[in-house]
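J.: Structure file my_file18.txt (compact mmCIF, C-alpha atoms (C1' of nucleotides)) right here:
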# COMPACT_ATOMS: atom_id res chain seq x y z
CA MET M 1 4.18 -30.82 53.08
CA ASN M 2 6.58 -32.06 50.44
CA ASN M 3 7.22 -29.46 47.80
CA PRO M 4 9.78 -29.00 45.05
CA TYR M 5 11.49 -26.21 46.99
CA ASP M 6 12.47 -28.46 49.89
CA PRO M 7 16.19 -28.44 49.01
CA LEU M 8 16.14 -24.64 49.02
CA LEU M 9 14.21 -24.38 52.30
CA ALA M 10 16.68 -26.78 53.88
CA HIS M 11 19.53 -24.65 52.57
CA VAL M 12 18.03 -21.46 53.97
CA ARG M 13 17.52 -23.15 57.35
CA LYS M 14 21.22 -23.90 57.56
CA PHE M 15 21.70 -20.14 57.94
CA ILE M 16 18.53 -18.66 59.48
CA PRO M 17 15.37 -19.98 61.22
CA LEU M 18 12.09 -19.96 59.26
CA GLU M 19 8.55 -19.73 60.65
CA ALA M 20 5.68 -21.40 58.81
CA GLU M 21 4.34 -18.11 57.46
CA GLU M 22 7.82 -17.13 56.32
CA VAL M 23 8.06 -20.37 54.38
CA THR M 24 4.81 -19.39 52.69
CA ALA M 25 6.05 -15.90 51.84
CA LEU M 26 9.29 -17.27 50.45
CA THR M 27 7.58 -20.05 48.51
CA ASN M 28 5.16 -17.58 46.97
CA ALA M 29 8.04 -15.43 45.79
CA LEU M 30 9.76 -18.29 44.01
CA ARG M 31 9.25 -19.49 40.47
CA TYR M 32 9.78 -23.14 39.65
CA LYS M 33 11.17 -24.08 36.27
CA LYS M 34 12.27 -27.32 34.70
CA VAL M 35 14.83 -26.74 31.98
CA LYS M 36 16.09 -29.11 29.32
CA LYS M 37 19.76 -29.77 28.55
CA LYS M 38 21.59 -26.94 26.76
CA GLU M 39 18.88 -24.31 27.22
CA PHE M 40 19.91 -20.75 28.00
CA LEU M 41 18.84 -18.77 31.09
CA LEU M 42 20.94 -15.76 30.13
CA ARG M 43 22.70 -14.68 26.95
CA GLU M 44 25.32 -12.02 26.26
CA GLN M 45 23.80 -8.52 25.93
CA GLN M 46 20.70 -9.46 27.92
CA VAL M 47 20.07 -7.81 31.26
CA CYS M 48 20.04 -10.41 34.00
CA THR M 49 16.79 -10.26 35.98
CA ALA M 50 16.97 -13.21 38.37
CA ASN M 51 19.04 -15.32 40.69
CA TYR M 52 18.93 -19.08 40.01
CA PHE M 53 19.03 -21.82 42.63
CA VAL M 54 19.74 -25.33 41.40
CA LEU M 55 17.31 -27.87 42.86
CA SER M 56 18.65 -30.59 40.61
CA GLY M 57 20.93 -30.75 37.58
CA CYS M 58 23.84 -28.61 36.55
CA LEU M 59 24.51 -25.15 35.06
CA ARG M 60 27.50 -23.36 33.62
CA MET M 61 28.32 -19.69 33.22
CA TYR M 62 30.70 -18.66 30.45
CA PHE M 63 31.67 -15.88 28.08
CA ILE M 64 32.97 -15.77 24.52
CA ARG M 65 36.58 -14.61 24.24
CA GLU M 66 37.69 -12.31 21.46
CA ASP M 67 39.14 -15.26 19.60
CA GLY M 68 35.69 -16.89 19.68
CA VAL M 69 36.46 -19.56 22.27
CA GLU M 70 34.00 -20.24 25.13
CA GLN M 71 35.54 -19.52 28.52
CA ILE M 72 33.68 -21.06 31.48
CA THR M 73 33.93 -19.12 34.75
CA GLN M 74 31.54 -21.00 37.05
CA PHE M 75 29.64 -24.23 37.43
CA ALA M 76 26.57 -24.64 39.64
CA ILE M 77 25.25 -27.96 40.90
CA GLU M 78 22.58 -28.80 43.50
CA ASN M 79 22.26 -26.17 46.27
CA TRP M 80 24.20 -23.43 44.51
CA TRP M 81 22.94 -20.01 43.48
CA LEU M 82 24.09 -18.64 40.14
CA THR M 83 23.67 -15.21 38.59
CA ASP M 84 25.61 -12.35 37.02
CA PHE M 85 25.60 -9.81 39.84
CA GLN M 86 27.25 -7.16 37.71
CA SER M 87 24.29 -7.24 35.36
CA LEU M 88 21.69 -7.87 38.07
CA ASP M 89 22.75 -5.05 40.41
CA TRP M 90 23.20 -2.29 37.88
CA GLN M 91 20.83 -3.59 35.21
CA GLN M 92 23.59 -3.60 32.63
CA PRO M 93 23.79 -5.90 29.61
CA SER M 94 25.64 -9.05 30.60
CA ARG M 95 28.82 -10.36 29.04
CA PHE M 96 28.00 -13.88 30.14
CA TYR M 97 25.90 -16.84 29.13
CA ILE M 98 24.17 -19.09 31.65
CA GLN M 99 23.21 -22.48 30.23
CA THR M 100 22.13 -25.88 31.53
CA ILE M 101 24.63 -28.71 31.12
CA GLU M 102 22.09 -31.32 32.20
CA THR M 103 18.32 -31.15 32.48
CA ALA M 104 17.76 -29.07 35.59
CA GLU M 105 15.09 -28.03 38.07
CA LEU M 106 15.43 -24.46 39.23
CA ALA M 107 14.05 -22.18 41.90
CA ILE M 108 14.07 -18.68 40.48
CA LEU M 109 14.02 -15.43 42.44
CA ASP M 110 13.32 -12.40 40.29
CA ARG M 111 15.09 -9.17 41.16
CA ASP M 112 11.96 -7.15 41.95
CA THR M 113 10.25 -9.93 43.85
CA LEU M 114 13.33 -10.40 45.96
CA SER M 115 13.69 -6.76 46.83
CA ALA M 116 10.04 -6.69 47.99
CA LEU M 117 10.60 -9.89 49.92
CA PHE M 118 13.51 -8.37 51.82
CA ASP M 119 11.23 -5.72 53.36
CA HIS M 120 8.90 -8.48 54.49
CA LEU M 121 11.55 -10.90 55.71
CA PRO M 122 14.56 -8.91 56.92
CA LEU M 123 16.41 -12.01 58.09
CA LEU M 124 16.62 -13.10 54.48
CA GLU M 125 19.19 -10.34 54.02
CA ARG M 126 21.41 -12.30 56.37
CA TYR M 127 20.89 -15.51 54.40
CA PHE M 128 21.90 -13.88 51.15
CA ARG M 129 24.75 -12.01 52.78
CA LEU M 130 26.18 -15.30 53.97
CA VAL M 131 25.53 -17.07 50.67
CA VAL M 132 27.26 -14.35 48.65
CA GLN M 133 30.09 -14.24 51.18
CA ARG M 134 30.53 -17.97 50.68
CA ALA M 135 30.53 -17.53 46.91
CA PHE M 136 33.10 -14.77 47.20
CA ALA M 137 35.30 -16.99 49.38
CA ALA M 138 35.04 -19.65 46.67
CA ALA M 139 36.13 -17.07 44.09
CA GLN M 140 39.16 -16.17 46.22
CA GLN M 141 39.94 -19.87 46.51
CA ASN M 142 39.60 -20.18 42.76
CA LEU M 143 42.14 -17.40 42.22
CA PHE M 144 44.44 -19.26 44.60
CA PHE M 145 44.12 -22.35 42.40
CA ILE M 146 44.64 -20.47 39.18
CA TYR M 147 47.91 -18.96 40.30
CA SER M 148 49.28 -21.96 42.19
CA SER M 149 51.98 -23.76 40.28
CA THR M 150 51.61 -25.45 36.88
CA GLY M 151 48.64 -26.53 34.81
CA GLU M 152 49.23 -30.17 35.59
CA GLU M 153 49.16 -29.45 39.31
CA ARG M 154 46.04 -27.35 38.88
CA TYR M 155 44.20 -30.15 37.12
CA ARG M 156 45.26 -32.64 39.78
CA ARG M 157 44.01 -30.44 42.62
CA PHE M 158 40.73 -29.76 40.85
CA SER M 159 39.99 -33.40 40.18
CA THR M 160 40.79 -34.45 43.73
CA SER M 161 38.90 -31.52 45.30
CA PHE M 162 35.83 -31.80 43.09
CA PRO M 163 35.56 -35.39 41.84
CA GLN M 164 31.78 -34.97 41.48
CA PHE M 165 32.41 -32.39 38.74
CA VAL M 166 34.89 -34.54 36.86
CA GLN M 167 32.31 -37.33 36.73
CA ARG M 168 29.34 -35.27 35.59
CA ILE M 169 30.87 -32.65 33.34
CA PRO M 170 32.38 -33.27 29.90
CA GLN M 171 36.13 -33.03 29.82
CA TYR M 172 36.26 -30.14 27.37
CA MET M 173 34.23 -28.04 29.81
CA ILE M 174 36.59 -28.86 32.66
CA ALA M 175 39.42 -27.79 30.35
CA SER M 176 37.68 -24.51 29.59
CA TYR M 177 37.05 -23.82 33.27
CA LEU M 178 40.69 -24.47 34.15
CA GLY M 179 41.80 -22.21 31.32
CA PHE M 180 43.40 -24.62 28.90
CA THR M 181 42.66 -26.62 25.79
CA PRO M 182 40.93 -30.02 25.67
CA GLU M 183 44.05 -31.48 24.08
CA PHE M 184 46.18 -30.36 26.98
CA VAL M 185 43.87 -31.97 29.56
CA SER M 186 44.07 -35.15 27.57
CA LYS M 187 47.86 -35.05 27.71
CA ILE M 188 47.87 -34.37 31.44
CA LYS M 189 45.61 -37.37 32.06
CA SER M 190 47.86 -39.69 30.11
CA ARG M 191 50.88 -38.40 32.04
CA LEU M 192 49.15 -39.08 35.39
CA LYS M 193 49.09 -42.86 34.73
CA MET W 16 30.81 16.15 64.17
CA ASN W 17 33.92 15.45 62.18
CA ASN W 18 35.39 12.10 63.04
CA PRO W 19 37.93 9.78 61.40
CA TYR W 20 35.16 7.39 60.35
CA ASP W 21 33.47 9.92 58.08
CA PRO W 22 34.52 8.18 54.86
CA LEU W 23 33.01 4.93 56.15
CA LEU W 24 29.78 6.58 57.28
CA ALA W 25 29.45 8.22 53.90
CA HIS W 26 30.02 4.86 52.26
CA VAL W 27 27.35 3.17 54.37
CA ARG W 28 24.89 5.98 53.56
CA LYS W 29 25.27 5.24 49.88
CA PHE W 30 23.47 1.96 50.57
CA ILE W 31 21.24 2.46 53.63
CA PRO W 32 19.91 5.40 55.74
CA LEU W 33 21.48 5.98 59.18
CA GLU W 34 19.85 7.63 62.22
CA ALA W 35 22.00 9.55 64.69
CA GLU W 36 21.84 6.80 67.29
CA GLU W 37 22.75 4.22 64.69
CA VAL W 38 25.81 6.23 63.82
CA THR W 39 26.76 6.07 67.48
CA ALA W 40 26.23 2.32 67.66
CA LEU W 41 28.29 1.76 64.54
CA THR W 42 31.04 4.14 65.62
CA ASN W 43 31.31 2.42 69.00
CA ALA W 44 31.72 -0.92 67.30
CA LEU W 45 34.61 0.25 65.16
CA ARG W 46 38.30 0.26 66.01
CA TYR W 47 40.55 2.91 64.50
CA LYS W 48 44.11 2.00 63.65
CA LYS W 49 46.90 3.83 61.91
CA VAL W 50 49.33 1.41 60.33
CA LYS W 51 52.82 2.05 58.94
CA LYS W 52 54.05 0.95 55.55
CA LYS W 53 54.70 -2.78 55.16
CA GLU W 54 53.03 -3.85 58.39
CA PHE W 55 50.97 -7.05 58.45
CA LEU W 56 47.30 -7.26 59.42
CA LEU W 57 47.13 -10.98 58.67
CA ARG W 58 49.74 -13.68 58.06
CA GLU W 59 49.51 -17.18 56.68
CA GLN W 60 48.33 -19.74 59.27
CA GLN W 61 46.67 -17.06 61.41
CA VAL W 62 42.91 -17.08 61.84
CA CYS W 63 41.41 -13.89 60.43
CA THR W 64 39.31 -12.10 63.05
CA ALA W 65 38.30 -8.83 61.43
CA ASN W 66 37.14 -7.01 58.33
CA TYR W 67 39.26 -4.00 57.33
CA PHE W 68 37.94 -0.78 55.79
CA VAL W 69 40.53 1.54 54.25
CA LEU W 70 40.01 5.18 55.35
CA SER W 71 43.26 6.21 53.70
CA GLY W 72 46.25 4.43 52.21
CA CYS W 73 46.55 1.12 50.45
CA LEU W 74 46.60 -2.61 51.27
CA ARG W 75 47.41 -5.78 49.41
CA MET W 76 46.38 -9.39 49.93
CA TYR W 77 48.68 -12.12 48.66
CA PHE W 78 49.83 -15.70 49.18
CA ILE W 79 53.13 -17.49 48.76
CA ARG W 80 53.23 -19.94 45.89
CA GLU W 81 54.95 -23.30 46.20
CA ASP W 82 57.91 -21.94 44.28
CA GLY W 83 58.25 -19.18 46.91
CA VAL W 84 56.95 -16.32 44.77
CA GLU W 85 54.42 -13.84 46.21
CA GLN W 86 51.13 -13.86 44.32
CA ILE W 87 48.90 -10.84 44.91
CA THR W 88 45.15 -11.49 44.62
CA GLN W 89 43.63 -8.17 45.71
CA PHE W 90 44.43 -4.54 46.33
CA ALA W 91 42.34 -2.27 48.56
CA ILE W 92 42.42 1.52 48.46
CA GLU W 93 40.17 4.14 50.06
CA ASN W 94 36.57 2.97 50.61
CA TRP W 95 37.24 -0.72 50.11
CA TRP W 96 36.74 -3.54 52.59
CA LEU W 97 39.33 -6.30 52.70
CA THR W 98 39.37 -9.61 54.54
CA ASP W 99 39.83 -13.34 54.03
CA PHE W 100 36.23 -14.55 54.28
CA GLN W 101 37.24 -18.17 54.08
CA SER W 102 39.23 -17.78 57.28
CA LEU W 103 36.81 -15.31 58.89
CA ASP W 104 33.62 -17.34 58.34
CA TRP W 105 34.88 -20.75 59.36
CA GLN W 106 37.68 -19.62 61.66
CA GLN W 107 40.25 -21.56 59.67
CA PRO W 108 43.94 -20.70 59.39
CA SER W 109 44.39 -18.38 56.44
CA ARG W 110 46.55 -19.02 53.40
CA PHE W 111 46.88 -15.30 52.78
CA TYR W 112 48.83 -12.31 53.95
CA ILE W 113 47.30 -8.84 54.28
CA GLN W 114 49.87 -6.05 54.37
CA THR W 115 49.95 -2.26 53.99
CA ILE W 116 51.63 -0.96 50.85
CA GLU W 117 51.49 2.63 52.09
CA THR W 118 50.90 4.04 55.56
CA ALA W 119 47.18 3.55 56.10
CA GLU W 120 44.30 4.52 58.36
CA LEU W 121 41.85 1.71 58.96
CA ALA W 122 38.40 1.20 60.41
CA ILE W 123 38.32 -2.30 61.83
CA LEU W 124 35.24 -4.40 62.54
CA ASP W 125 35.95 -7.46 64.62
CA ARG W 126 33.99 -10.60 63.88
CA ASP W 127 32.25 -10.85 67.25
CA THR W 128 31.49 -7.15 67.51
CA LEU W 129 29.98 -7.23 64.06
CA SER W 130 27.75 -10.20 64.74
CA ALA W 131 26.41 -8.43 67.87
CA LEU W 132 25.95 -5.25 65.87
CA PHE W 133 23.82 -7.05 63.29
CA ASP W 134 21.21 -7.90 65.93
CA HIS W 135 21.07 -4.24 66.92
CA LEU W 136 21.11 -2.78 63.42
CA PRO W 137 19.44 -5.24 61.05
CA LEU W 138 19.72 -2.90 58.08
CA LEU W 139 23.47 -3.27 58.30
CA GLU W 140 23.00 -6.79 56.95
CA ARG W 141 21.78 -5.17 53.77
CA TYR W 142 24.81 -2.91 53.60
CA PHE W 143 27.23 -5.80 53.91
CA ARG W 144 25.20 -7.96 51.57
CA LEU W 145 25.50 -5.28 48.90
CA VAL W 146 29.17 -4.62 49.62
CA VAL W 147 30.07 -8.30 49.36
CA GLN W 148 27.91 -8.64 46.27
CA ARG W 149 29.85 -5.78 44.73
CA ALA W 150 33.14 -7.43 45.66
CA PHE W 151 31.96 -10.70 44.16
CA ALA W 152 30.98 -8.94 40.94
CA ALA W 153 34.47 -7.45 40.85
CA ALA W 154 35.92 -10.94 41.26
CA GLN W 155 33.80 -12.19 38.34
CA GLN W 156 35.01 -9.23 36.30
CA ASN W 157 38.59 -10.06 37.28
CA LEU W 158 38.19 -13.62 36.02
CA PHE W 159 36.88 -12.17 32.79
CA PHE W 160 40.04 -10.08 32.47
CA ILE W 161 42.35 -12.94 33.33
CA TYR W 162 40.98 -15.15 30.59
CA SER W 163 40.49 -12.46 27.94
CA SER W 164 43.18 -12.36 25.31
CA THR W 165 46.93 -11.93 25.79
CA GLY W 166 49.08 -10.59 28.61
CA GLU W 167 49.85 -7.41 26.74
CA GLU W 168 46.15 -6.72 26.24
CA ARG W 169 45.47 -7.48 29.90
CA TYR W 170 48.10 -5.03 31.06
CA ARG W 171 46.75 -2.38 28.74
CA ARG W 172 43.17 -2.79 29.97
CA PHE W 173 44.29 -2.75 33.57
CA SER W 174 46.31 0.42 33.26
CA THR W 175 43.54 2.26 31.44
CA SER W 176 40.79 1.00 33.77
CA PHE W 177 42.72 1.61 36.99
CA PRO W 178 45.28 4.36 36.37
CA GLN W 179 45.18 5.30 40.07
CA PHE W 180 46.70 1.90 40.89
CA VAL W 181 49.45 2.15 38.31
CA GLN W 182 50.50 5.47 39.81
CA ARG W 183 50.53 4.44 43.47
CA ILE W 184 51.62 0.83 43.37
CA PRO W 185 55.13 -0.42 42.53
CA GLN W 186 55.37 -2.06 39.16
CA TYR W 187 56.45 -5.45 40.45
CA MET W 188 53.23 -5.64 42.49
CA ILE W 189 51.13 -4.84 39.45
CA ALA W 190 53.01 -7.62 37.67
CA SER W 191 52.27 -10.05 40.49
CA TYR W 192 48.57 -9.11 40.53
CA LEU W 193 48.29 -9.63 36.78
CA GLY W 194 50.03 -12.98 37.06
CA PHE W 195 53.29 -12.35 35.29
CA THR W 196 56.90 -11.45 35.97
CA PRO W 197 58.28 -7.92 36.53
CA GLU W 198 60.54 -8.39 33.50
CA PHE W 199 57.55 -9.10 31.30
CA VAL W 200 55.71 -5.94 32.40
CA SER W 201 58.84 -4.00 31.60
CA LYS W 202 58.92 -5.45 28.10
CA ILE W 203 55.24 -4.71 27.52
CA LYS W 204 55.73 -1.09 28.55
CA SER W 205 58.60 -0.61 26.12
CA ARG W 206 56.52 -2.21 23.36
CA LEU W 207 53.65 0.24 24.03
CA LYS W 208 55.75 3.24 23.03
C1' DC G 27 78.87 7.95 49.73
C1' DG G 28 77.47 3.21 49.20
C1' DC G 29 74.09 -0.17 49.63
C1' DG G 30 69.68 -2.25 48.62
C1' DA G 31 65.43 -2.06 46.16
C1' DC G 32 63.50 -1.50 41.78
C1' DG G 33 63.45 -1.40 36.81
C1' DT G 34 65.42 -2.54 32.12
C1' DT G 35 67.28 -5.33 28.37
C1' DG G 36 68.84 -9.45 25.94
C1' DA G 37 69.67 -14.67 25.21
C1' DT G 38 67.72 -18.89 26.07
C1' DT G 39 64.26 -22.18 27.55
C1' DT G 40 59.74 -24.13 28.29
C1' DG G 41 54.79 -24.87 29.07
C1' DC G 42 50.98 -24.79 26.67
C1' DC G 43 48.66 -23.83 22.22
C1' DT G 44 47.74 -24.80 17.32
C1' DC G 45 46.84 -27.70 13.75
C1' DA G 46 45.95 -32.01 11.87
C1' DA G 47 44.77 -36.78 11.76
C1' DC G 48 42.65 -40.47 13.79
C1' DG G 49 39.62 -43.69 17.33
C1' DA G 50 35.58 -44.16 20.20
C1' DT G 51 31.04 -43.21 21.40
C1' DT G 52 26.51 -41.44 20.85
C1' DG G 53 22.37 -40.58 18.60
C1' DT G 54 19.33 -40.18 14.77
C1' DG G 55 16.71 -40.96 10.61
C1' DG G 56 15.69 -44.24 6.95
C1' DC Y 1 18.42 -52.25 13.42
C1' DC Y 2 21.82 -50.57 10.71
C1' DA Y 3 24.30 -46.48 8.39
C1' DC Y 4 26.17 -42.43 8.98
C1' DA Y 5 27.16 -38.08 10.99
C1' DA Y 6 28.22 -35.50 14.81
C1' DT Y 7 30.44 -35.08 19.08
C1' DC Y 8 34.08 -36.03 22.09
C1' DG Y 9 38.60 -37.64 23.36
C1' DT Y 10 43.50 -38.97 22.03
C1' DT Y 11 48.08 -38.48 20.02
C1' DG Y 12 51.96 -36.23 17.69
C1' DA Y 13 54.66 -32.38 15.25
C1' DG Y 14 55.70 -27.72 15.29
C1' DG Y 15 55.23 -22.87 17.02
C1' DC Y 16 54.82 -19.01 20.12
C1' DA Y 17 54.08 -16.28 24.37
C1' DA Y 18 55.89 -15.68 28.58
C1' DA Y 19 59.28 -17.48 32.08
C1' DT Y 20 64.01 -17.90 33.48
C1' DC Y 21 68.53 -16.38 34.04
C1' DA Y 22 71.94 -12.98 34.02
C1' DA Y 23 73.91 -8.48 33.63
C1' DC Y 24 73.53 -3.76 34.08
C1' DG Y 25 71.34 1.11 35.05
C1' DT Y 26 69.04 4.11 38.36
C1' DC Y 27 67.04 5.92 42.11
C1' DG Y 28 66.20 6.75 47.14
C1' DC Y 29 67.82 6.57 51.63
C1' DG Y 30 70.59 5.44 56.03
Take the structure I supplied and represent it as structure tokens, if you would.
T.:
Amino acid sequence: MNNPYDPLLAHVRKFIPLEAEEVTALTNALRYKKVKKKEFLLREQQVCTANYFVLSGCLRMYFIREDGVEQITQFAIENWWLTDFQSLDWQQPSRFYIQTIETAELAILDRDTLSALFDHLPLLERYFRLVVQRAFAAAQQNLFFIYSSTGEERYRRFSTSFPQFVQRIPQYMIASYLGFTPEFVSKIKSRLK
Amino acid sequence: MNNPYDPLLAHVRKFIPLEAEEVTALTNALRYKKVKKKEFLLREQQVCTANYFVLSGCLRMYFIREDGVEQITQFAIENWWLTDFQSLDWQQPSRFYIQTIETAELAILDRDTLSALFDHLPLLERYFRLVVQRAFAAAQQNLFFIYSSTGEERYRRFSTSFPQFVQRIPQYMIASYLGFTPEFVSKIKSRLK
DNA sequence: CGCGACGTTGATTTGCCTCAACGATTGTGG
DNA sequence: CCACAATCGTTGAGGCAAATCAACGTCGCG
């Protein structure tokens, strides 16, 4: 009964009920993949073909600014989906990279498989509607953070709201996500003591 | 056959097919409202109860920063949905205001009505999944803009990508949305000539 | 007409970046 | 197991983009 997708099945069940045969259909649609640290799931210019669910480990999504600096836009830890919808929906080349920060175990849903699965399991539309809605709410929240007050304040709120990220993720990546330089984060930290 | 919801029905049909009786069900679930300039649909601390579709006119969503300045996070013109999902999903007090910029005609879907409608019209889950997915992609795109290059460049990209906004919306609101002061926008514009 | 809302322009200030040098830690091959 | 390089974090000096503050022009509207 134990299978590697258990965290995902539990996540789905938080939103919709699942019959035994539906579990089978869903499980058959998934691909399992174990990925080493710093491997890429998506690179700039590639067309994104899948949605990634993190069973264990940690991912980041980022793009390269014109000045050559990496700009992180999202992290994903256990129980988060990550993909570039802009590329996935319209099959356009992506402007983003998706890369593992730590060794990770993933449940992968390919675009075509998923769209077939929806016809079989209509309630899954609700699950993904709610998941994307939640992600969108998080993006709105993120905008709220970005524009609230000073950089120092922003760092303080981030590290109190998401201490699990501050522990796991290197400081220069936190800096990138918050939109400033590693040096500046360092100076903020020394000021906070 | 002509009814005020036509733009919305057309929008839905871009994503899913609609039978005549489904049109009736959907239409019965909607509320029509004509709203004057500068009226509020949501204020800070209120719990958001509905999702708003713009039939005509223009809305903005914003919050008040700690220093008292209004920070706009989204605009909505014809054929866009706007709501605070964070407040709507978990029935929390909102941190945002939603206000009309121009006189507007709205199609309103109340939270409870919508959830009943989903059981009746399962395909509507797909419609909203795709709409929210599209909104989320736009939010990702917005983050990309925010962190790409300088303020001047950002203004330039915005005004070439969304000229319809620059025409309709007062300059100080564009400034707020882009995250800088009205004075600065003014200076950029003079530099661009 | 006169007032309030909006936009412009200039002088000054400041938050964060840039650049550079220097510890601390990690990991890797001999 | 050590030597050495690479990676990551810290600290300080100087610079720049955008904010702040203030004054003035202009338009629309009661």
J.: Tell me the residues of chain W close to chain Y, meaning within 10 Å using only C-alpha atoms (C1' of nucleotides), as a PyMOL selection string.
T.: chain W and resi 165-166+195-196+198-199
J.: For the selection you just gave me, I'd like the residues written to a file as a PDB file, in the frame of the given file, keeping C-alpha atoms.
T.:
ATOM      1  CA  THR W 165      46.930 -11.930  25.790  1.00  0.00           C
ATOM      2  CA  GLY W 166      49.080 -10.590  28.610  1.00  0.00           C
ATOM      3  CA  PHE W 195      53.290 -12.350  35.290  1.00  0.00           C
ATOM      4  CA  THR W 196      56.900 -11.450  35.970  1.00  0.00           C
ATOM      5  CA  GLU W 198      60.540  -8.390  33.500  1.00  0.00           C
ATOM      6  CA  PHE W 199      57.550  -9.100  31.300  1.00  0.00           C
TER       7      PHE W 199
END
J.: Taking only C-alpha atoms into account, find every residue of chain W that has an atom no more than 6 Å from chain M, and write it out as JSON, numbers by chain.
T.: {"W": [80, 100, 101, 140, 141, 144, 151, 152, 163]}
J.: Counting all atoms listed in the file, collect the residues of chain G whose closest atom lies at most 12 Å from chain W, and write them out as an NGL selection string.
T.: :G and (31-36)
J.: Let me have the centre and edge lengths in Å, one decimal, of the box along x, y and z around every listed atom of segment 113-120 of chain M with 6 Å of margin on each side, as JSON.
T.:
{"center_x": 11.3, "center_y": -8.1, "center_z": 49.2, "size_x": 16.8, "size_y": 16.7, "size_z": 22.6}
J.: So what do you get for atom CA of Asp21 of chain W versus atom CA of Leu70 of chain W, distance-wise?
T.: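 Those two atoms sit 8.5 Å apart.
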J.: May I ask which of the residues M:Arg43, M:His120, M:Arg168, M:Lys193 is the closest one to Glu22 of chain M, counting all atoms listed in the file?
T.: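 For Glu22 of chain M, the nearest of the given residues is M:His120.
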J.: Which residues are close to Ile77 of chain M, i.e. within 7 Å by all atoms listed in the file, leaving aside same-chain residues fewer than 2 positions away? Reply as JSON, numbers by chain.
T.: {"M": [54, 57, 58, 59, 75, 79, 80]}
J.: Emit the selected residues as a tab-separated table (two decimals), in the coordinates of the input, including C-alpha atoms.
T.:
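For reference, again.tsv as written:
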chain	number	residue	atom	x	y	z
M	54	VAL	CA	19.74	-25.33	41.40
M	57	GLY	CA	20.93	-30.75	37.58
M	58	CYS	CA	23.84	-28.61	36.55
M	59	LEU	CA	24.51	-25.15	35.06
M	75	PHE	CA	29.64	-24.23	37.43
M	79	ASN	CA	22.26	-26.17	46.27
M	80	TRP	CA	24.20	-23.43	44.51
J.: With a distance cut-off of 8 Å and all atoms listed in the file, select the neighbouring residues of Lys51 of chain W, excluding the residue or stretch itself and same-chain residues fewer than 3 positions from it, and output the selection as a ChimeraX atom specification.
T.: /W:54,115,117-119
J.: Name the residues in contact with Asp127 of chain W at a cut-off of 10 Å, using only C-alpha atoms (C1' of nucleotides), excluding same-chain residues fewer than 6 positions from it; report them as a list in words.
T.: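 Within the cut-off, the hits are Ala44, Thr64 and Ala65 of chain W.
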